[in-house]
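J.: This is the structure, below, for whatever I ask next.
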Amino acid sequence: MTAPQHTHGVEELCEPGNRIYAEALKQRCIRREAAGAAPCLIDLGLLHPDPDDMERLLPTPPSLALHALLRDIESEIHTRRSREVRIAETLERFIALDTPRPPEDSPGIVVLEGFPRINTAIDRATNECRTEMMCVQPGPRSEYALSTALPRDLALRERGAHMRTLYQRSSLHSPGLRDYLKQMGDSIEIRSLDDIPERLIIVDRSVAFIPASADRTTALELRHPALVEYLATVFERFWRQGIPLHEPAPPVPAEAGISERQYAVARLLSEGHPDEAVAKRLGISVHTCRTHIAHLSTVLGTTNRVQLGVRIAQSGMLDSHNRREHA
């Protein structure tokens with residue numbers, strides 16, 4: 001049978017360890033099998049084998065154990081202090097070369113590489129949020145991402161801050177998202193659109209985070225007031241177009257048999273996006289995207305992508321659709 005594993009220090013001595021060590025001190029020894037429930041006592045040096053009988057364990061006097069353990073701690077402190085001195089000596093040579101910048105000259109753009117650094121920066125900004133956090137979340141969020149964000153966002157709620165988040169309409173059916181929204185309650189407001197920009201987080205209109213690579217492993221932390229205000233304006237523009245969570249999607253236009261989703265596909269095609277990019281922007285599969293493109297080609301009487309883009313622009317269908325939306 002494998003002996004139990006005890007990974008703790010003397011200051012966290014387990015219940016079997018307390019009991020067996022006390023018994024060993026009273027009896028001046030203890031049989032090895034009787035001490036089997038607390039292997040930590042040997043690891044911590046509180047019990048050691050009797051040279052005359054290896055099946056018997058002798059207790060180390062508490063005063064000696066205390067002295068030995070404190071000596072080890074003092075040695076560790078000395079090692080750390082020596083490291084502090086070496087670090088200081090290494091970096092102090094460069095301090096004279098660095099001209100301190102006034103606060104207004106501090107960098108307005110910081111490049112964050114790797115998810116740990118990105119998440120740490122976002123967590124730090126969120127923990128300092130006091131008023132409002134604005135987010136754009138394209139594509140579905142995994143249950144892991146939502147469960148990781150929940151404690152941080154609940155703390156935001158406790159501070160009285162409000163959240164507004166834009167999701168793609170196709171992402172709202174996730175069970176994980178529904179559970180997250182239920183726990184957040186009225187401290188978060190959700191709107192949705194078929195076509196939204198890349199991920200964006202704005203905290204108190206003072207700091208913003210945007211992706212800096214396609215795989216999102218690099219991000220930019222923006223603190224320049226003009227940049228942050230511009231991004232906040234972009235967010236507000238999309239927010240006004242968004243559909244509140246509990247409102248139905250816009251009715252499907254009857255004319256020409258073109259659905260709301262197909263208008264979104266047409267708009268992106270007219271901007272020159274390839275099929276894969278259109279599918280990603282709308283949160284649909286490439287196959288579904290191409291089905292919508294085929295329908296648009298049939299309605300507009302085109303045979304290739306170049307013709308389709310031209311006919312979309314010439315037909316004025318997007319202009320008339322936009323007028324109906326804002327009527």
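Each chain in the structure tokens gets a letter, A, B, ..., in the order shown, and its residues are numbered from 1; ligands are numbered from 1 in order too.
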From a backbone DSSP assignment, name each residue in range 29-248 of chain A labelled alpha helix (DSSP H), as an mmCIF file with N, CA, C and O atoms, in the first residue's frame.

T.:
data_model
loop_
_atom_site.group_PDB
_atom_site.id
_atom_site.type_symbol
_atom_site.label_atom_id
_atom_site.label_comp_id
_atom_site.auth_asym_id
_atom_site.auth_seq_id
_atom_site.Cartn_x
_atom_site.Cartn_y
_atom_site.Cartn_z
ATOM 1 N N CYS A 40 5.102 12.852 6.966
ATOM 2 C CA CYS A 40 5.647 14.209 6.987
ATOM 3 C C CYS A 40 6.599 14.430 8.149
ATOM 4 O O CYS A 40 7.500 15.272 8.072
ATOM 5 N N LEU A 41 6.412 13.695 9.256
ATOM 6 C CA LEU A 41 7.260 13.898 10.433
ATOM 7 C C LEU A 41 8.721 13.563 10.129
ATOM 8 O O LEU A 41 9.634 14.230 10.622
ATOM 9 N N ILE A 42 8.944 12.539 9.304
ATOM 10 C CA ILE A 42 10.316 12.205 8.903
ATOM 11 C C ILE A 42 10.825 13.237 7.904
ATOM 12 O O ILE A 42 11.968 13.714 8.005
ATOM 13 N N ASP A 43 9.977 13.614 6.949
ATOM 14 C CA ASP A 43 10.378 14.590 5.933
ATOM 15 C C ASP A 43 10.748 15.925 6.578
ATOM 16 O O ASP A 43 11.671 16.613 6.106
ATOM 17 N N PRO A 62 11.770 19.466 20.311
ATOM 18 C CA PRO A 62 11.206 20.644 19.640
ATOM 19 C C PRO A 62 12.150 21.831 19.602
ATOM 20 O O PRO A 62 12.185 22.572 18.622
ATOM 21 N N SER A 63 12.938 22.011 20.649
ATOM 22 C CA SER A 63 13.865 23.155 20.666
ATOM 23 C C SER A 63 14.914 23.026 19.576
ATOM 24 O O SER A 63 15.273 24.013 18.911
ATOM 25 N N LEU A 64 15.408 21.801 19.347
ATOM 26 C CA LEU A 64 16.399 21.592 18.292
ATOM 27 C C LEU A 64 15.759 21.763 16.915
ATOM 28 O O LEU A 64 16.356 22.351 15.997
ATOM 29 N N ALA A 65 14.541 21.230 16.751
ATOM 30 C CA ALA A 65 13.842 21.365 15.476
ATOM 31 C C ALA A 65 13.577 22.837 15.156
ATOM 32 O O ALA A 65 13.736 23.285 14.005
ATOM 33 N N LEU A 66 13.175 23.594 16.181
ATOM 34 C CA LEU A 66 12.916 25.026 15.985
ATOM 35 C C LEU A 66 14.182 25.744 15.533
ATOM 36 O O LEU A 66 14.157 26.536 14.582
ATOM 37 N N HIS A 67 15.299 25.445 16.189
ATOM 38 C CA HIS A 67 16.557 26.101 15.828
ATOM 39 C C HIS A 67 16.951 25.766 14.388
ATOM 40 O O HIS A 67 17.359 26.650 13.617
ATOM 41 N N ALA A 68 16.797 24.492 14.002
ATOM 42 C CA ALA A 68 17.205 24.072 12.656
ATOM 43 C C ALA A 68 16.322 24.731 11.591
ATOM 44 O O ALA A 68 16.819 25.206 10.560
ATOM 45 N N LEU A 69 15.023 24.767 11.844
ATOM 46 C CA LEU A 69 14.111 25.347 10.860
ATOM 47 C C LEU A 69 14.305 26.850 10.723
ATOM 48 O O LEU A 69 14.272 27.400 9.614
ATOM 49 N N LEU A 70 14.509 27.547 11.836
ATOM 50 C CA LEU A 70 14.750 28.992 11.770
ATOM 51 C C LEU A 70 16.071 29.286 11.066
ATOM 52 O O LEU A 70 16.186 30.276 10.327
ATOM 53 N N ARG A 71 17.065 28.400 11.278
ATOM 54 C CA ARG A 71 18.339 28.587 10.577
ATOM 55 C C ARG A 71 18.143 28.461 9.073
ATOM 56 O O ARG A 71 18.720 29.229 8.292
ATOM 57 N N ASP A 72 17.283 27.489 8.651
ATOM 58 C CA ASP A 72 17.010 27.330 7.216
ATOM 59 C C ASP A 72 16.314 28.563 6.654
ATOM 60 O O ASP A 72 16.613 29.011 5.535
ATOM 61 N N ILE A 73 15.375 29.132 7.423
ATOM 62 C CA ILE A 73 14.656 30.323 6.965
ATOM 63 C C ILE A 73 15.616 31.504 6.848
ATOM 64 O O ILE A 73 15.575 32.271 5.875
ATOM 65 N N GLU A 74 16.494 31.646 7.844
ATOM 66 C CA GLU A 74 17.473 32.730 7.792
ATOM 67 C C GLU A 74 18.388 32.584 6.588
ATOM 68 O O GLU A 74 18.750 33.575 5.936
ATOM 69 N N SER A 75 18.752 31.341 6.265
ATOM 70 C CA SER A 75 19.592 31.105 5.094
ATOM 71 C C SER A 75 18.858 31.486 3.808
ATOM 72 O O SER A 75 19.445 32.099 2.904
ATOM 73 N N GLU A 76 17.554 31.152 3.760
ATOM 74 C CA GLU A 76 16.763 31.511 2.583
ATOM 75 C C GLU A 76 16.634 33.026 2.450
ATOM 76 O O GLU A 76 16.740 33.580 1.345
ATOM 77 N N ILE A 77 16.427 33.714 3.593
ATOM 78 C CA ILE A 77 16.332 35.173 3.569
ATOM 79 C C ILE A 77 17.645 35.777 3.090
ATOM 80 O O ILE A 77 17.664 36.713 2.271
ATOM 81 N N HIS A 78 18.754 35.229 3.562
ATOM 82 C CA HIS A 78 20.068 35.727 3.139
ATOM 83 C C HIS A 78 20.241 35.549 1.634
ATOM 84 O O HIS A 78 20.746 36.460 0.945
ATOM 85 N N THR A 79 19.802 34.377 1.106
ATOM 86 C CA THR A 79 19.922 34.126 -0.331
ATOM 87 C C THR A 79 19.100 35.129 -1.128
ATOM 88 O O THR A 79 19.551 35.668 -2.146
ATOM 89 N N ARG A 80 17.881 35.403 -0.658
ATOM 90 C CA ARG A 80 17.018 36.352 -1.363
ATOM 91 C C ARG A 80 17.581 37.767 -1.301
ATOM 92 O O ARG A 80 17.513 38.517 -2.282
ATOM 93 N N ARG A 81 18.124 38.132 -0.141
ATOM 94 C CA ARG A 81 18.710 39.474 -0.027
ATOM 95 C C ARG A 81 19.929 39.609 -0.934
ATOM 96 O O ARG A 81 20.157 40.667 -1.529
ATOM 97 N N SER A 82 20.698 38.545 -1.046
ATOM 98 C CA SER A 82 21.858 38.586 -1.949
ATOM 99 C C SER A 82 21.398 38.767 -3.387
ATOM 100 O O SER A 82 22.011 39.504 -4.169
ATOM 101 N N ARG A 83 20.296 38.114 -3.733
ATOM 102 C CA ARG A 83 19.754 38.264 -5.089
ATOM 103 C C ARG A 83 19.266 39.691 -5.301
ATOM 104 O O ARG A 83 19.455 40.272 -6.382
ATOM 105 N N GLU A 84 18.611 40.275 -4.278
ATOM 106 C CA GLU A 84 18.159 41.662 -4.383
ATOM 107 C C GLU A 84 19.333 42.600 -4.678
ATOM 108 O O GLU A 84 19.240 43.497 -5.515
ATOM 109 N N VAL A 85 20.450 42.364 -3.975
ATOM 110 C CA VAL A 85 21.628 43.209 -4.165
ATOM 111 C C VAL A 85 22.158 43.065 -5.585
ATOM 112 O O VAL A 85 22.496 44.057 -6.247
ATOM 113 N N ARG A 86 22.205 41.821 -6.096
ATOM 114 C CA ARG A 86 22.714 41.597 -7.447
ATOM 115 C C ARG A 86 21.800 42.240 -8.490
ATOM 116 O O ARG A 86 22.271 42.830 -9.467
ATOM 117 N N ILE A 87 20.479 42.133 -8.281
ATOM 118 C CA ILE A 87 19.527 42.762 -9.212
ATOM 119 C C ILE A 87 19.702 44.271 -9.212
ATOM 120 O O ILE A 87 19.758 44.921 -10.262
ATOM 121 N N ALA A 88 19.809 44.846 -8.002
ATOM 122 C CA ALA A 88 19.970 46.295 -7.893
ATOM 123 C C ALA A 88 21.269 46.754 -8.549
ATOM 124 O O ALA A 88 21.301 47.753 -9.273
ATOM 125 N N GLU A 89 22.361 46.008 -8.311
ATOM 126 C CA GLU A 89 23.647 46.389 -8.904
ATOM 127 C C GLU A 89 23.587 46.329 -10.429
ATOM 128 O O GLU A 89 24.181 47.166 -11.112
ATOM 129 N N THR A 90 22.852 45.338 -10.968
ATOM 130 C CA THR A 90 22.758 45.195 -12.421
ATOM 131 C C THR A 90 21.986 46.346 -13.039
ATOM 132 O O THR A 90 22.405 46.938 -14.045
ATOM 133 N N LEU A 91 20.847 46.704 -12.447
ATOM 134 C CA LEU A 91 19.967 47.701 -13.057
ATOM 135 C C LEU A 91 20.331 49.135 -12.704
ATOM 136 O O LEU A 91 20.031 50.057 -13.468
ATOM 137 N N GLU A 92 20.971 49.348 -11.560
ATOM 138 C CA GLU A 92 21.333 50.720 -11.181
ATOM 139 C C GLU A 92 22.318 51.337 -12.166
ATOM 140 O O GLU A 92 22.369 52.558 -12.323
ATOM 141 N N ARG A 93 23.079 50.487 -12.857
ATOM 142 C CA ARG A 93 24.026 51.016 -13.845
ATOM 143 C C ARG A 93 23.309 51.712 -14.988
ATOM 144 O O ARG A 93 23.865 52.566 -15.659
ATOM 145 N N PHE A 94 22.020 51.321 -15.220
ATOM 146 C CA PHE A 94 21.282 51.889 -16.343
ATOM 147 C C PHE A 94 20.385 53.054 -15.955
ATOM 148 O O PHE A 94 19.867 53.747 -16.819
ATOM 149 N N ILE A 95 20.187 53.250 -14.653
ATOM 150 C CA ILE A 95 19.262 54.294 -14.208
ATOM 151 C C ILE A 95 19.714 55.668 -14.687
ATOM 152 O O ILE A 95 18.910 56.498 -15.121
ATOM 153 N N PHE A 115 -1.098 35.384 -24.163
ATOM 154 C CA PHE A 115 -2.351 35.460 -23.419
ATOM 155 C C PHE A 115 -2.160 35.806 -21.945
ATOM 156 O O PHE A 115 -2.957 36.574 -21.391
ATOM 157 N N PRO A 116 -1.140 35.260 -21.248
ATOM 158 C CA PRO A 116 -0.997 35.619 -19.827
ATOM 159 C C PRO A 116 -0.824 37.120 -19.616
ATOM 160 O O PRO A 116 -1.471 37.713 -18.741
ATOM 161 N N ARG A 117 0.033 37.756 -20.447
ATOM 162 C CA ARG A 117 0.255 39.182 -20.269
ATOM 163 C C ARG A 117 -0.996 39.980 -20.665
ATOM 164 O O ARG A 117 -1.347 40.967 -20.019
ATOM 165 N N ILE A 118 -1.668 39.551 -21.739
ATOM 166 C CA ILE A 118 -2.891 40.237 -22.164
ATOM 167 C C ILE A 118 -3.942 40.164 -21.068
ATOM 168 O O ILE A 118 -4.542 41.178 -20.684
ATOM 169 N N ASN A 119 -4.180 38.947 -20.543
ATOM 170 C CA ASN A 119 -5.212 38.772 -19.523
ATOM 171 C C ASN A 119 -4.879 39.510 -18.239
ATOM 172 O O ASN A 119 -5.774 40.063 -17.583
ATOM 173 N N THR A 120 -3.590 39.545 -17.878
ATOM 174 C CA THR A 120 -3.196 40.276 -16.676
ATOM 175 C C THR A 120 -3.489 41.760 -16.825
ATOM 176 O O THR A 120 -4.000 42.412 -15.902
ATOM 177 N N ALA A 121 -3.193 42.323 -18.002
ATOM 178 C CA ALA A 121 -3.446 43.751 -18.236
ATOM 179 C C ALA A 121 -4.944 44.048 -18.212
ATOM 180 O O ALA A 121 -5.378 45.055 -17.637
ATOM 181 N N ILE A 122 -5.747 43.166 -18.831
ATOM 182 C CA ILE A 122 -7.200 43.371 -18.827
ATOM 183 C C ILE A 122 -7.751 43.250 -17.412
ATOM 184 O O ILE A 122 -8.599 44.050 -16.987
ATOM 185 N N ASP A 123 -7.268 42.254 -16.663
ATOM 186 C CA ASP A 123 -7.726 42.091 -15.277
ATOM 187 C C ASP A 123 -7.387 43.324 -14.441
ATOM 188 O O ASP A 123 -8.203 43.794 -13.637
ATOM 189 N N ARG A 124 -6.174 43.860 -14.642
ATOM 190 C CA ARG A 124 -5.766 45.034 -13.867
ATOM 191 C C ARG A 124 -6.666 46.226 -14.181
ATOM 192 O O ARG A 124 -7.129 46.928 -13.274
ATOM 193 N N ALA A 125 -6.935 46.440 -15.456
ATOM 194 C CA ALA A 125 -7.796 47.561 -15.843
ATOM 195 C C ALA A 125 -9.222 47.359 -15.328
ATOM 196 O O ALA A 125 -9.868 48.304 -14.855
ATOM 197 N N THR A 126 -9.713 46.112 -15.409
ATOM 198 C CA THR A 126 -11.067 45.826 -14.934
ATOM 199 C C THR A 126 -11.179 46.049 -13.434
ATOM 200 O O THR A 126 -12.181 46.578 -12.945
ATOM 201 N N ASN A 127 -10.157 45.648 -12.688
ATOM 202 C CA ASN A 127 -10.176 45.834 -11.237
ATOM 203 C C ASN A 127 -10.162 47.302 -10.843
ATOM 204 O O ASN A 127 -10.560 47.654 -9.726
ATOM 205 N N GLU A 143 -17.232 28.271 -22.734
ATOM 206 C CA GLU A 143 -17.697 28.238 -21.349
ATOM 207 C C GLU A 143 -16.534 28.498 -20.399
ATOM 208 O O GLU A 143 -16.721 29.095 -19.341
ATOM 209 N N TYR A 144 -15.324 28.044 -20.772
ATOM 210 C CA TYR A 144 -14.154 28.312 -19.923
ATOM 211 C C TYR A 144 -13.886 29.805 -19.833
ATOM 212 O O TYR A 144 -13.651 30.346 -18.740
ATOM 213 N N ALA A 145 -13.933 30.494 -20.979
ATOM 214 C CA ALA A 145 -13.682 31.939 -20.977
ATOM 215 C C ALA A 145 -14.730 32.670 -20.150
ATOM 216 O O ALA A 145 -14.418 33.599 -19.392
ATOM 217 N N LEU A 146 -15.991 32.245 -20.262
ATOM 218 C CA LEU A 146 -17.062 32.894 -19.514
ATOM 219 C C LEU A 146 -16.927 32.635 -18.024
ATOM 220 O O LEU A 146 -17.111 33.545 -17.204
ATOM 221 N N SER A 147 -16.601 31.391 -17.637
ATOM 222 C CA SER A 147 -16.460 31.075 -16.210
ATOM 223 C C SER A 147 -15.256 31.780 -15.607
ATOM 224 O O SER A 147 -15.262 32.152 -14.434
ATOM 225 N N THR A 148 -14.199 31.987 -16.428
ATOM 226 C CA THR A 148 -13.024 32.708 -15.949
ATOM 227 C C THR A 148 -13.334 34.190 -15.751
ATOM 228 O O THR A 148 -12.882 34.810 -14.790
ATOM 229 N N ALA A 149 -14.143 34.746 -16.665
ATOM 230 C CA ALA A 149 -14.461 36.178 -16.580
ATOM 231 C C ALA A 149 -15.500 36.494 -15.513
ATOM 232 O O ALA A 149 -15.555 37.623 -15.013
ATOM 233 N N LEU A 150 -16.327 35.508 -15.145
ATOM 234 C CA LEU A 150 -17.461 35.786 -14.249
ATOM 235 C C LEU A 150 -17.058 36.395 -12.907
ATOM 236 O O LEU A 150 -17.629 37.417 -12.506
ATOM 237 N N PRO A 151 -16.090 35.815 -12.148
ATOM 238 C CA PRO A 151 -15.745 36.431 -10.853
ATOM 239 C C PRO A 151 -15.265 37.873 -11.006
ATOM 240 O O PRO A 151 -15.615 38.745 -10.196
ATOM 241 N N ARG A 152 -14.471 38.124 -12.041
ATOM 242 C CA ARG A 152 -13.969 39.485 -12.287
ATOM 243 C C ARG A 152 -15.121 40.437 -12.586
ATOM 244 O O ARG A 152 -15.177 41.557 -12.075
ATOM 245 N N ASP A 153 -16.090 39.976 -13.398
ATOM 246 C CA ASP A 153 -17.200 40.840 -13.783
ATOM 247 C C ASP A 153 -18.200 41.021 -12.644
ATOM 248 O O ASP A 153 -18.845 42.064 -12.533
ATOM 249 N N LEU A 154 -18.346 39.998 -11.782
ATOM 250 C CA LEU A 154 -19.212 40.151 -10.612
ATOM 251 C C LEU A 154 -18.636 41.182 -9.652
ATOM 252 O O LEU A 154 -19.368 41.964 -9.036
ATOM 253 N N ALA A 155 -17.292 41.192 -9.528
ATOM 254 C CA ALA A 155 -16.650 42.213 -8.687
ATOM 255 C C ALA A 155 -16.895 43.600 -9.264
ATOM 256 O O ALA A 155 -17.071 44.577 -8.523
ATOM 257 N N LEU A 156 -16.937 43.694 -10.576
ATOM 258 C CA LEU A 156 -17.251 44.960 -11.250
ATOM 259 C C LEU A 156 -18.647 45.427 -10.838
ATOM 260 O O LEU A 156 -18.875 46.599 -10.538
ATOM 261 N N ARG A 157 -19.575 44.477 -10.825
ATOM 262 C CA ARG A 157 -20.952 44.800 -10.429
ATOM 263 C C ARG A 157 -21.000 45.296 -8.994
ATOM 264 O O ARG A 157 -21.726 46.244 -8.677
ATOM 265 N N GLU A 158 -20.227 44.642 -8.105
ATOM 266 C CA GLU A 158 -20.238 45.040 -6.698
ATOM 267 C C GLU A 158 -19.748 46.474 -6.511
ATOM 268 O O GLU A 158 -20.146 47.154 -5.558
ATOM 269 N N PRO A 175 -25.481 28.059 -24.108
ATOM 270 C CA PRO A 175 -25.928 27.845 -22.723
ATOM 271 C C PRO A 175 -25.001 28.526 -21.711
ATOM 272 O O PRO A 175 -25.457 29.066 -20.708
ATOM 273 N N GLY A 176 -23.682 28.491 -21.997
ATOM 274 C CA GLY A 176 -22.736 29.136 -21.097
ATOM 275 C C GLY A 176 -22.973 30.632 -20.996
ATOM 276 O O GLY A 176 -22.892 31.221 -19.912
ATOM 277 N N LEU A 177 -23.286 31.259 -22.123
ATOM 278 C CA LEU A 177 -23.550 32.698 -22.117
ATOM 279 C C LEU A 177 -24.835 33.008 -21.362
ATOM 280 O O LEU A 177 -24.902 33.974 -20.601
ATOM 281 N N ARG A 178 -25.857 32.167 -21.566
ATOM 282 C CA ARG A 178 -27.116 32.405 -20.849
ATOM 283 C C ARG A 178 -26.918 32.325 -19.337
ATOM 284 O O ARG A 178 -27.470 33.125 -18.582
ATOM 285 N N ASP A 179 -26.132 31.351 -18.886
ATOM 286 C CA ASP A 179 -25.856 31.215 -17.453
ATOM 287 C C ASP A 179 -25.069 32.419 -16.936
ATOM 288 O O ASP A 179 -25.348 32.953 -15.856
ATOM 289 N N TYR A 180 -24.091 32.865 -17.733
ATOM 290 C CA TYR A 180 -23.286 34.040 -17.358
ATOM 291 C C TYR A 180 -24.184 35.272 -17.207
ATOM 292 O O TYR A 180 -24.095 36.012 -16.222
ATOM 293 N N LEU A 181 -25.075 35.489 -18.171
ATOM 294 C CA LEU A 181 -25.946 36.663 -18.133
ATOM 295 C C LEU A 181 -26.919 36.591 -16.955
ATOM 296 O O LEU A 181 -27.240 37.613 -16.339
ATOM 297 N N LYS A 182 -27.383 35.388 -16.638
ATOM 298 C CA LYS A 182 -28.301 35.221 -15.508
ATOM 299 C C LYS A 182 -27.621 35.643 -14.205
ATOM 300 O O LYS A 182 -28.231 36.314 -13.359
ATOM 301 N N GLN A 183 -26.364 35.273 -14.044
ATOM 302 C CA GLN A 183 -25.653 35.613 -12.810
ATOM 303 C C GLN A 183 -25.269 37.095 -12.766
ATOM 304 O O GLN A 183 -25.209 37.688 -11.692
ATOM 305 N N MET A 184 -25.032 37.685 -13.917
ATOM 306 C CA MET A 184 -24.676 39.101 -13.953
ATOM 307 C C MET A 184 -25.885 40.000 -13.711
ATOM 308 O O MET A 184 -25.751 41.121 -13.232
ATOM 309 N N PRO A 225 -5.656 59.499 -24.964
ATOM 310 C CA PRO A 225 -7.064 59.942 -24.877
ATOM 311 C C PRO A 225 -7.764 60.018 -26.224
ATOM 312 O O PRO A 225 -8.940 59.633 -26.337
ATOM 313 N N ALA A 226 -7.067 60.493 -27.258
ATOM 314 C CA ALA A 226 -7.707 60.629 -28.565
ATOM 315 C C ALA A 226 -8.065 59.266 -29.153
ATOM 316 O O ALA A 226 -9.147 59.082 -29.728
ATOM 317 N N LEU A 227 -7.169 58.288 -29.012
ATOM 318 C CA LEU A 227 -7.440 56.952 -29.533
ATOM 319 C C LEU A 227 -8.597 56.299 -28.784
ATOM 320 O O LEU A 227 -9.488 55.696 -29.394
ATOM 321 N N VAL A 228 -8.565 56.403 -27.447
ATOM 322 C CA VAL A 228 -9.620 55.777 -26.648
ATOM 323 C C VAL A 228 -10.975 56.410 -26.955
ATOM 324 O O VAL A 228 -11.988 55.719 -27.106
ATOM 325 N N GLU A 229 -11.010 57.743 -27.095
ATOM 326 C CA GLU A 229 -12.267 58.427 -27.394
ATOM 327 C C GLU A 229 -12.773 58.045 -28.775
ATOM 328 O O GLU A 229 -13.987 57.867 -28.983
ATOM 329 N N TYR A 230 -11.868 57.888 -29.733
ATOM 330 C CA TYR A 230 -12.277 57.464 -31.081
ATOM 331 C C TYR A 230 -12.922 56.085 -31.023
ATOM 332 O O TYR A 230 -13.980 55.854 -31.625
ATOM 333 N N LEU A 231 -12.289 55.141 -30.301
ATOM 334 C CA LEU A 231 -12.834 53.794 -30.205
ATOM 335 C C LEU A 231 -14.171 53.794 -29.461
ATOM 336 O O LEU A 231 -15.080 53.023 -29.800
ATOM 337 N N ALA A 232 -14.302 54.656 -28.459
ATOM 338 C CA ALA A 232 -15.579 54.755 -27.755
ATOM 339 C C ALA A 232 -16.675 55.251 -28.696
ATOM 340 O O ALA A 232 -17.824 54.791 -28.641
ATOM 341 N N THR A 233 -16.326 56.185 -29.586
ATOM 342 C CA THR A 233 -17.290 56.676 -30.572
ATOM 343 C C THR A 233 -17.702 55.562 -31.530
ATOM 344 O O THR A 233 -18.885 55.434 -31.884
ATOM 345 N N VAL A 234 -16.729 54.746 -31.958
ATOM 346 C CA VAL A 234 -17.035 53.604 -32.826
ATOM 347 C C VAL A 234 -17.983 52.644 -32.113
ATOM 348 O O VAL A 234 -18.969 52.160 -32.686
ATOM 349 N N PHE A 235 -17.684 52.371 -30.838
ATOM 350 C CA PHE A 235 -18.547 51.466 -30.076
ATOM 351 C C PHE A 235 -19.974 52.014 -30.004
ATOM 352 O O PHE A 235 -20.939 51.278 -30.230
ATOM 353 N N GLU A 236 -20.101 53.310 -29.682
ATOM 354 C CA GLU A 236 -21.436 53.899 -29.552
ATOM 355 C C GLU A 236 -22.209 53.811 -30.868
ATOM 356 O O GLU A 236 -23.423 53.612 -30.879
ATOM 357 N N ARG A 237 -21.504 53.936 -31.977
ATOM 358 C CA ARG A 237 -22.171 53.868 -33.286
ATOM 359 C C ARG A 237 -22.749 52.477 -33.521
ATOM 360 O O ARG A 237 -23.903 52.332 -33.940
ATOM 361 N N PHE A 238 -21.964 51.449 -33.239
ATOM 362 C CA PHE A 238 -22.470 50.083 -33.393
ATOM 363 C C PHE A 238 -23.550 49.788 -32.355
ATOM 364 O O PHE A 238 -24.505 49.071 -32.629
ATOM 365 N N TRP A 239 -23.377 50.342 -31.153
ATOM 366 C CA TRP A 239 -24.345 50.099 -30.083
ATOM 367 C C TRP A 239 -25.736 50.606 -30.473
ATOM 368 O O TRP A 239 -26.736 49.938 -30.222
ATOM 369 N N ARG A 240 -25.792 51.761 -31.101
ATOM 370 C CA ARG A 240 -27.084 52.318 -31.506
ATOM 371 C C ARG A 240 -27.769 51.433 -32.548
ATOM 372 O O ARG A 240 -29.000 51.388 -32.628
ATOM 373 N N GLN A 241 -26.972 50.730 -33.348
ATOM 374 C CA GLN A 241 -27.536 49.854 -34.376
ATOM 375 C C GLN A 241 -27.922 48.483 -33.822
ATOM 376 O O GLN A 241 -28.669 47.741 -34.457
#

J.: Just the strand (DSSP E or B) stuff from range 45-140 of chain A, please, per backbone DSSP, written as a list in words.

T.: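 Answer for range 45-140 of chain A restricted to strand (DSSP E or B) is Leu47, His48, Pro49, Asp50, Asp53, Met54, Glu55, Arg56, Leu57, Leu58, Pro59, Ile109, Val110, Val111, Leu112, Glu113, Glu132, Met133, Met134, Cys135, Val136 and Gln137 of chain A.
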
J.: If we count only C-alpha atoms and set the cut-off at 6 Å, which residues sit around Ala219 in chain A, ignoring sequence neighbours fewer than 5 positions away in its own chain? Please answer as a list in words.

T.: Leu112, Ile210, Pro211 and Ala212 of chain A

J.: So what do you get for CA of Gln307 in chain A versus CA of Leu269 in chain A, distance-wise?

T.: 11.2 Å

J.: Give me the residues near Gly257 in chain A as a list in words, where near means some atom within 12 Å (using only C-alpha atoms) and where sequence neighbours in that chain fewer than 4 positions away do not count.

T.: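 Result of the neighbour search: Val252, Pro253, Arg261, Gln262, Tyr263, His292, His295, Leu296, Thr298, Val299 and Leu300 of chain A.
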
J.: For the residues in the current selection, export C-alpha atoms as a short mmCIF file (atom, residue, chain, number, x, y, z; two decimals), in the first residue's frame.

T.:
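And here's again-v5.cif as it stands now:
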data_model
loop_
_atom_site.label_atom_id
_atom_site.label_comp_id
_atom_site.auth_asym_id
_atom_site.auth_seq_id
_atom_site.Cartn_x
_atom_site.Cartn_y
_atom_site.Cartn_z
CA VAL A 252 -37.14 39.77 -43.11
CA PRO A 253 -37.61 42.14 -46.06
CA ARG A 261 -28.44 37.94 -43.05
CA GLN A 262 -28.05 38.03 -46.84
CA TYR A 263 -28.06 41.84 -46.77
CA HIS A 292 -26.20 33.01 -49.10
CA HIS A 295 -28.87 33.04 -53.46
CA LEU A 296 -27.72 36.62 -54.01
CA THR A 298 -29.50 34.04 -58.41
CA VAL A 299 -31.56 37.07 -57.37
CA LEU A 300 -29.21 39.54 -59.07
#

J.: Give me, please, the distance in Å between CA of Cys135 in chain A and CA of Leu318 in chain A, quoted to one decimal.

T.: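 About the pair CA of Cys135 in chain A and CA of Leu318 in chain A: they are 27.2 Å apart.
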
J.: Excluding same-chain residues fewer than 3 positions from Leu57 in chain A, what lies within 7 Å of it counting only C-alpha atoms, as JSON, numbers by chain?

T.: {"A": [29, 30, 31, 32, 47, 48, 49, 50]}

J.: Go ahead and dump the residues you just picked, N, CA and C atoms, as a CSV table (one decimal), in the first residue's frame.

T.:
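After the write, selection_31.csv holds the following:
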chain,number,residue,atom,x,y,z
A,29,CYS,N,9.9,7.5,22.0
A,29,CYS,CA,10.1,6.8,20.7
A,29,CYS,C,8.7,6.3,20.2
A,30,ILE,N,8.7,5.8,19.0
A,30,ILE,CA,7.5,5.3,18.5
A,30,ILE,C,7.8,4.3,17.4
A,31,ARG,N,7.0,3.2,17.3
A,31,ARG,CA,7.3,2.2,16.3
A,31,ARG,C,7.0,2.8,14.9
A,32,ARG,N,7.8,2.4,13.9
A,32,ARG,CA,7.7,2.9,12.5
A,32,ARG,C,6.3,2.7,12.0
A,47,LEU,N,10.9,13.3,13.3
A,47,LEU,CA,11.2,12.0,13.7
A,47,LEU,C,12.4,11.5,12.9
A,48,HIS,N,13.3,10.6,13.5
A,48,HIS,CA,14.4,10.1,12.8
A,48,HIS,C,14.6,8.6,13.3
A,49,PRO,N,15.1,7.8,12.4
A,49,PRO,CA,15.3,6.3,12.8
A,49,PRO,C,16.3,6.2,14.0
A,50,ASP,N,16.0,5.2,14.8
A,50,ASP,CA,16.9,4.9,15.9
A,50,ASP,C,18.0,4.0,15.4
